[in-house]
$ cat my_file39.txt   # compact mmCIF, C-alpha atoms (C1' of nucleotides)
# COMPACT_ATOMS: atom_id res chain seq x y z
CA MET A 1 11.50 -15.44 -7.79
CA LYS A 2 8.13 -13.94 -6.85
CA ILE A 3 7.79 -10.62 -5.05
CA ALA A 4 4.33 -9.64 -3.81
CA THR A 5 2.88 -6.49 -2.30
CA TRP A 6 -0.28 -6.40 -0.18
CA ASN A 7 -1.90 -3.73 1.95
CA VAL A 8 -3.43 -6.02 4.57
CA ASN A 9 -5.24 -3.35 6.65
CA SER A 10 -4.06 -4.76 10.03
CA ILE A 11 -1.76 -7.79 10.15
CA ARG A 12 -3.34 -8.95 13.40
CA THR A 13 -6.81 -9.05 11.87
CA ARG A 14 -5.55 -10.56 8.60
CA LYS A 15 -2.96 -12.98 10.00
CA GLU A 16 -4.76 -16.21 9.07
CA GLN A 17 -5.60 -14.95 5.58
CA VAL A 18 -1.99 -13.97 4.96
CA LEU A 19 -0.77 -17.38 6.18
CA ASP A 20 -3.29 -19.17 3.93
CA TRP A 21 -2.32 -17.00 0.98
CA LEU A 22 1.42 -17.63 1.46
CA ASN A 23 0.73 -21.37 1.63
CA TYR A 24 -0.90 -21.46 -1.78
CA GLN A 25 0.93 -18.65 -3.59
CA ASP A 26 4.37 -19.49 -2.15
CA VAL A 27 6.01 -16.13 -2.92
CA ASP A 28 9.66 -15.53 -2.08
CA VAL A 29 8.97 -12.04 -0.78
CA LEU A 30 5.87 -10.32 0.58
CA CYS A 31 5.86 -6.58 1.22
CA LEU A 32 3.04 -5.57 3.57
CA GLN A 33 1.49 -2.19 4.29
CA GLU A 34 -0.90 -0.94 6.95
CA THR A 35 0.22 -3.49 9.49
CA LYS A 36 -1.18 -1.21 12.21
CA VAL A 37 0.86 -2.64 15.07
CA ILE A 38 3.91 -1.74 17.12
CA ASP A 39 6.96 -3.88 16.42
CA GLN A 40 6.91 -5.84 19.69
CA ASP A 41 3.30 -6.94 19.06
CA PHE A 42 3.80 -7.96 15.41
CA PRO A 43 2.83 -11.66 15.01
CA ARG A 44 6.21 -12.71 13.61
CA THR A 45 6.33 -16.31 14.83
CA PRO A 46 3.88 -18.07 12.47
CA PHE A 47 5.58 -16.48 9.46
CA GLU A 48 9.05 -17.33 10.71
CA GLU A 49 7.87 -20.91 11.24
CA MET A 50 6.95 -20.97 7.54
CA GLY A 51 10.53 -20.10 6.73
CA TYR A 52 10.29 -16.36 6.27
CA ALA A 53 12.73 -13.80 7.58
CA VAL A 54 10.70 -10.88 8.96
CA ALA A 55 11.56 -7.18 9.11
CA VAL A 56 9.04 -4.71 10.52
CA SER A 57 8.58 -0.99 11.02
CA GLY A 58 5.31 -0.23 12.73
CA GLN A 59 3.49 2.13 15.04
CA LYS A 60 0.32 2.08 17.06
CA ALA A 61 -2.99 1.99 15.17
CA TYR A 62 -1.87 3.52 11.87
CA ASN A 63 0.47 2.87 8.95
CA GLY A 64 3.25 0.29 9.41
CA VAL A 65 5.22 -1.71 6.84
CA ALA A 66 6.94 -5.10 6.86
CA ILE A 67 8.90 -7.44 4.61
CA PHE A 68 8.74 -11.25 4.68
CA SER A 69 11.44 -13.08 2.74
CA LYS A 70 12.42 -16.72 2.19
CA HIS A 71 15.92 -15.49 1.33
CA PRO A 72 18.07 -13.59 3.84
CA LEU A 73 17.18 -9.95 4.42
CA GLU A 74 20.28 -7.77 4.18
CA ALA A 75 20.90 -4.06 4.69
CA VAL A 76 17.49 -3.48 6.30
CA SER A 77 16.65 0.12 7.15
CA CYS A 78 13.47 1.92 8.15
CA GLY A 79 12.33 5.39 7.22
CA PHE A 80 13.99 7.94 5.00
CA SER A 81 16.71 9.22 7.32
CA PRO A 82 19.22 6.32 7.07
CA ILE A 83 19.44 6.98 3.32
CA VAL A 84 18.93 10.74 2.90
CA GLY A 85 19.84 12.08 6.35
CA GLU A 86 17.74 13.77 8.99
CA ALA A 87 18.20 17.25 7.55
CA ILE A 88 16.10 16.26 4.53
CA THR A 89 13.82 13.80 6.29
CA GLY A 90 12.53 16.24 8.89
CA LYS A 91 9.27 15.00 10.43
CA PHE A 92 8.56 12.58 7.59
CA ASP A 93 9.83 9.52 9.45
CA GLU A 94 7.29 9.89 12.25
CA GLN A 95 4.76 7.89 10.28
CA LYS A 96 6.09 4.40 9.54
CA ARG A 97 5.72 4.16 5.78
CA VAL A 98 8.99 2.92 4.29
CA ILE A 99 11.25 -0.08 4.85
CA THR A 100 14.02 -1.35 2.61
CA ALA A 101 16.19 -4.47 2.37
CA VAL A 102 18.40 -6.26 -0.11
CA VAL A 103 17.13 -9.72 -1.05
CA ASP A 104 19.03 -11.94 -3.47
CA GLY A 105 20.82 -8.90 -4.87
CA ILE A 106 17.60 -6.92 -5.36
CA ARG A 107 17.09 -3.67 -3.43
CA LEU A 108 13.49 -3.78 -2.24
CA VAL A 109 11.83 -0.54 -1.23
CA ASN A 110 8.44 -1.15 0.37
CA VAL A 111 6.31 2.00 0.65
CA TYR A 112 2.95 2.98 2.05
CA ILE A 113 2.44 6.33 0.36
CA PRO A 114 0.04 8.64 2.26
CA ASN A 115 -3.52 8.64 0.96
CA GLY A 116 -3.87 12.41 1.01
CA SER A 117 -7.51 12.63 2.13
CA SER A 118 -8.76 15.13 -0.47
CA VAL A 119 -7.11 17.39 -3.01
CA GLY A 120 -5.94 20.61 -1.38
CA SER A 121 -6.12 19.37 2.21
CA ASP A 122 -3.23 19.41 4.67
CA LYS A 123 -2.89 15.66 4.20
CA TYR A 124 -2.71 16.19 0.44
CA GLN A 125 0.22 18.58 0.92
CA TYR A 126 1.84 16.02 3.22
CA LYS A 127 1.46 13.38 0.50
CA LEU A 128 3.07 15.58 -2.14
CA HIS A 129 5.93 16.51 0.18
CA TRP A 130 6.38 12.87 1.15
CA LEU A 131 6.66 11.97 -2.54
CA GLU A 132 9.37 14.61 -3.00
CA ILE A 133 11.41 13.04 -0.21
CA LEU A 134 10.83 9.58 -1.67
CA ASN A 135 12.22 10.92 -4.94
CA GLN A 136 15.40 12.06 -3.20
CA TYR A 137 15.62 8.76 -1.34
CA LEU A 138 15.45 6.84 -4.61
CA GLN A 139 18.03 9.09 -6.25
CA GLN A 140 20.36 8.31 -3.37
CA LEU A 141 19.84 4.55 -3.76
CA LEU A 142 20.34 4.77 -7.53
CA GLN A 143 23.83 6.09 -6.98
CA ALA A 144 24.87 2.73 -5.55
CA GLU A 145 22.39 0.17 -6.92
CA THR A 146 21.01 -0.87 -10.30
CA LYS A 147 18.43 -3.52 -9.38
CA ILE A 148 15.69 -1.75 -7.43
CA CYS A 149 12.11 -2.93 -6.88
CA LEU A 150 9.99 -0.09 -5.51
CA CYS A 151 6.68 -1.59 -4.48
CA GLY A 152 3.75 -1.03 -2.18
CA ASP A 153 0.53 0.90 -1.80
CA PHE A 154 1.12 4.04 -3.87
CA ASN A 155 -2.36 5.51 -3.35
CA VAL A 156 -2.08 6.83 -6.88
CA ALA A 157 -3.67 5.47 -10.06
CA PRO A 158 -1.08 6.43 -12.68
CA GLU A 159 -3.52 6.63 -15.59
CA ASN A 160 -7.25 6.78 -16.27
CA ARG A 161 -7.23 3.15 -17.45
CA ASP A 162 -6.39 2.29 -13.83
CA ILE A 163 -9.77 3.54 -12.54
CA TYR A 164 -13.22 1.94 -12.95
CA ASP A 165 -14.66 5.37 -13.73
CA PRO A 166 -12.03 7.24 -15.77
CA LYS A 167 -13.90 10.51 -15.24
CA LYS A 168 -12.49 10.51 -11.71
CA GLY A 169 -9.12 11.01 -13.35
CA ASP A 170 -10.38 14.19 -14.97
CA THR A 171 -11.92 15.81 -11.90
CA ASN A 172 -8.95 16.39 -9.58
CA HIS A 173 -9.93 13.34 -7.53
CA ILE A 174 -7.59 12.16 -4.78
CA MET A 175 -5.28 9.37 -6.09
CA ALA A 176 -5.62 10.73 -9.63
CA SER A 177 -4.91 14.45 -9.44
CA PRO A 178 -2.38 16.00 -11.84
CA GLU A 179 0.02 16.86 -9.01
CA GLU A 180 0.02 13.31 -7.65
CA ARG A 181 0.45 11.82 -11.11
CA SER A 182 3.28 14.27 -11.86
CA ALA A 183 5.08 13.19 -8.71
CA ILE A 184 4.74 9.54 -9.79
CA ALA A 185 5.88 10.41 -13.33
CA LEU A 186 8.91 12.17 -11.87
CA ILE A 187 9.83 8.95 -10.04
CA GLN A 188 9.36 7.01 -13.28
CA SER A 189 11.67 9.49 -15.00
CA LEU A 190 14.45 8.36 -12.66
CA GLY A 191 14.28 5.04 -14.51
CA PHE A 192 11.42 3.13 -12.90
CA GLN A 193 8.82 1.30 -14.98
CA ASP A 194 5.47 -0.16 -13.95
CA ALA A 195 5.87 -3.94 -14.04
CA PHE A 196 2.14 -4.58 -14.50
CA ARG A 197 2.08 -2.58 -17.72
CA LYS A 198 4.82 -4.70 -19.27
CA PHE A 199 2.24 -7.46 -19.64
CA THR A 200 -1.21 -5.88 -19.66
CA GLU A 201 -2.36 -2.93 -21.74
CA GLU A 202 -6.09 -2.81 -21.15
CA GLY A 203 -7.94 -1.22 -18.26
CA GLY A 204 -10.26 -2.99 -15.86
CA HIS A 205 -7.53 -4.35 -13.57
CA TYR A 206 -7.68 -3.13 -9.99
CA SER A 207 -5.94 -3.76 -6.67
CA TRP A 208 -8.26 -1.80 -4.30
CA TRP A 209 -12.04 -1.60 -3.92
CA ASP A 210 -13.80 0.64 -1.42
CA TYR A 211 -15.46 -1.22 1.46
CA ARG A 212 -18.26 1.26 1.59
CA THR A 213 -20.13 1.06 -1.67
CA ARG A 214 -20.08 -2.71 -2.29
CA ALA A 215 -17.41 -1.66 -4.73
CA PHE A 216 -15.91 -5.13 -5.13
CA SER A 217 -19.14 -6.86 -6.12
CA ARG A 218 -19.65 -4.09 -8.68
CA ASP A 219 -15.94 -4.15 -9.62
CA ARG A 220 -15.62 -0.43 -9.05
CA GLY A 221 -11.90 -0.51 -8.27
CA TRP A 222 -8.63 1.33 -8.62
CA ARG A 223 -5.15 0.05 -9.48
CA ILE A 224 -3.04 1.77 -6.84
CA ASP A 225 -0.63 -0.99 -5.70
CA HIS A 226 2.43 -1.27 -7.89
CA HIS A 227 5.90 -2.63 -8.56
CA PHE A 228 8.17 -0.03 -10.15
CA LEU A 229 11.37 -1.59 -11.50
CA THR A 230 14.69 -0.27 -12.71
CA PRO A 231 15.59 -1.32 -16.31
CA GLU A 232 17.71 -4.34 -15.44
CA LEU A 233 14.88 -5.82 -13.35
CA TYR A 234 12.12 -4.71 -15.69
CA GLN A 235 13.77 -6.70 -18.46
CA LYS A 236 13.92 -9.77 -16.24
CA ALA A 237 10.26 -9.68 -15.23
CA VAL A 238 8.34 -12.59 -16.79
CA ASN A 239 4.91 -11.87 -15.31
CA CYS A 240 3.01 -9.45 -13.11
CA TRP A 241 -0.53 -10.05 -12.00
CA ILE A 242 -3.21 -9.17 -9.46
CA ASP A 243 -4.60 -12.04 -7.34
CA ARG A 244 -8.23 -11.14 -6.65
CA ALA A 245 -8.91 -14.28 -4.57
CA PRO A 246 -8.15 -12.77 -1.14
CA ARG A 247 -10.54 -9.87 -1.80
CA LYS A 248 -13.41 -12.39 -2.20
CA GLN A 249 -12.99 -13.85 1.28
CA GLU A 250 -14.92 -13.06 4.44
CA LYS A 251 -13.53 -10.01 6.23
CA PRO A 252 -11.01 -9.14 3.52
CA SER A 253 -8.57 -6.30 3.33
CA ASP A 254 -9.82 -3.62 0.94
CA HIS A 255 -6.66 -4.29 -1.12
CA THR A 256 -5.61 -7.53 -2.83
CA PRO A 257 -2.07 -8.75 -3.55
CA VAL A 258 -0.04 -7.95 -6.67
CA ILE A 259 2.80 -10.27 -7.66
CA VAL A 260 5.78 -9.79 -9.97
CA GLU A 261 7.78 -12.82 -11.11
CA PHE A 262 11.37 -12.96 -12.38
C1' DA B 1 -24.14 16.12 -1.70
C1' DT B 2 -23.98 12.55 1.52
C1' DG B 3 -22.86 8.31 3.36
C1' DG B 4 -21.76 3.76 2.81
C1' DC B 5 -17.64 -0.14 5.66
C1' DG B 6 -13.94 -1.72 8.58
C1' DA B 7 -10.11 -1.23 12.04
C1' DA B 8 -7.93 0.60 16.24
C1' DT B 9 -8.11 3.21 20.41
C1' DC B 10 -7.29 7.54 25.10
C1' DA B 11 -13.39 2.30 22.94
C1' DT B 12 -19.92 2.13 23.43
C1' DA B 13 -17.70 7.50 20.03
C1' DT B 14 -14.09 9.11 17.30
C1' DT B 15 -10.48 9.10 13.83
C1' DC B 16 -8.63 7.38 9.78
C1' DG B 17 -8.49 5.13 5.38
C1' DA B 18 -8.88 6.41 -0.24

$ encode --input "my_file39.txt" --output "structure tokens"
Amino acid sequence: MKIATWNVNSIRTRKEQVLDWLNYQDVDVLCLQETKVIDQDFPRTPFEEMGYAVAVSGQKAYNGVAIFSKHPLEAVSCGFSPIVGEAITGKFDEQKRVITAVVDGIRLVNVYIPNGSSVGSDKYQYKLHWLEILNQYLQQLLQAETKICLCGDFNVAPENRDIYDPKKGDTNHIMASPEERSAIALIQSLGFQDAFRKFTEEGGHYSWWDYRTRAFSRDRGWRIDHHFLTPELYQKAVNCWIDRAPRKQEKPSDHTPVIVEF
DNA sequence: ATGGCGAATCATATTCGA
């Protein structure tokens, strides 16, 4: 059983690359972020023809998440409110950033955590608040479920070894600030562990490289795409790795897929 | 310190991403 996560930065632009990647990597589940398309325009058909069930939650131009699965998708819901209620969710379901489903007995939670712009900005506050609601959402799921795979684009590098230049982790940089890392640590304290770190201790492994500074060719990356697993699943994980191949292609996403295998 | 690139839209300029 392989579960992958990939911020594709527009599914319509990346459709052929995603199809090619699924053909050679043959994952059971792919969680996508930044699909950037409303649900009725999502290119479902080619993926369904490959044998995937497709669940989407998108909006125009920004954000958007989706799950592809070769096994049936059960108990699909979009946004926070179906799990925590509208009183807690407030305006935080306007941006389409979370979709969940049960696949083969595993509760998948696919998230596109806000990027936060810069430390101290309004978007930064939105990110921190969003993470608080995610925490409550996960607590609610944990009351009923033991096998949870929280995965997606976290827009947070949990530790300095996850950044090409660790100094950025010491300078209140977005994606590495103490408040963001505390929010992630608080989620981990609920019982979630980083699947990648079960298998790899050293730094130098990244899932995102900035388009703007030829960052990929210089390998100036960040590891910000993750699978966080509850103990029962964490124990069952036999591998977790980053596939850099899609990032080397023409017109790539700025992120590359991460895969966990059970 | 700034801008770099890439995508989408109310598109030939602007906003957003991280």

$ interface_residues --input "my_file39.txt" --of "chain B" --to "chain A" --cutoff "9 Å" --atoms "all atoms listed in the file" --output "list in words"
DG3, DG4, DC5, DG6, DA7, DA8, DT9, DC16, DG17 and DA18 of chain B

$ atom_distance --input "my_file39.txt" --atom1 "CA of Ala101 (chain A)" --atom2 "CA of Thr146 (chain A)"
14.0 Å

$ closest_residue --input "my_file39.txt" --among "A:Ile187, A:Ile163, A:Leu229, A:Cys240" --to "Tyr206 (chain A)" --atoms "all atoms listed in the file"
A:Ile163

$ atom_distance --input "my_file39.txt" --atom1 "CA of Ile259 (chain A)" --atom2 "CA of Arg12 (chain A)"
22.0 Å

$ atom_distance --input "my_file39.txt" --atom1 "CA of Ile67 (chain A)" --atom2 "CA of Val258 (chain A)"
14.4 Å

$ residues_near_point --input "my_file39.txt" --point "(7.2, -4.6, -4.7)" --cutoff "9 Å" --atoms "only C-alpha atoms (C1' of nucleotides)" --output "PyMOL selection string"
chain A and resi 3-6+29-31+108-111+149-152+225-229+258-260

$ closest_residue --input "my_file39.txt" --among "A:Cys78, A:Val103, A:Gln40, A:Trp21" --to "Asp243 (chain A)" --atoms "all atoms listed in the file"
A:Trp21

$ axis_aligned_box --input "my_file39.txt" --around "region 10-18 of chain B" --padding-each-side "3 Å" --output "lines of an AutoDock Vina configuration file"
center_x = -13.6
center_y = 5.6
center_z = 12.4
size_x = 18.6
size_y = 13.0
size_z = 31.3
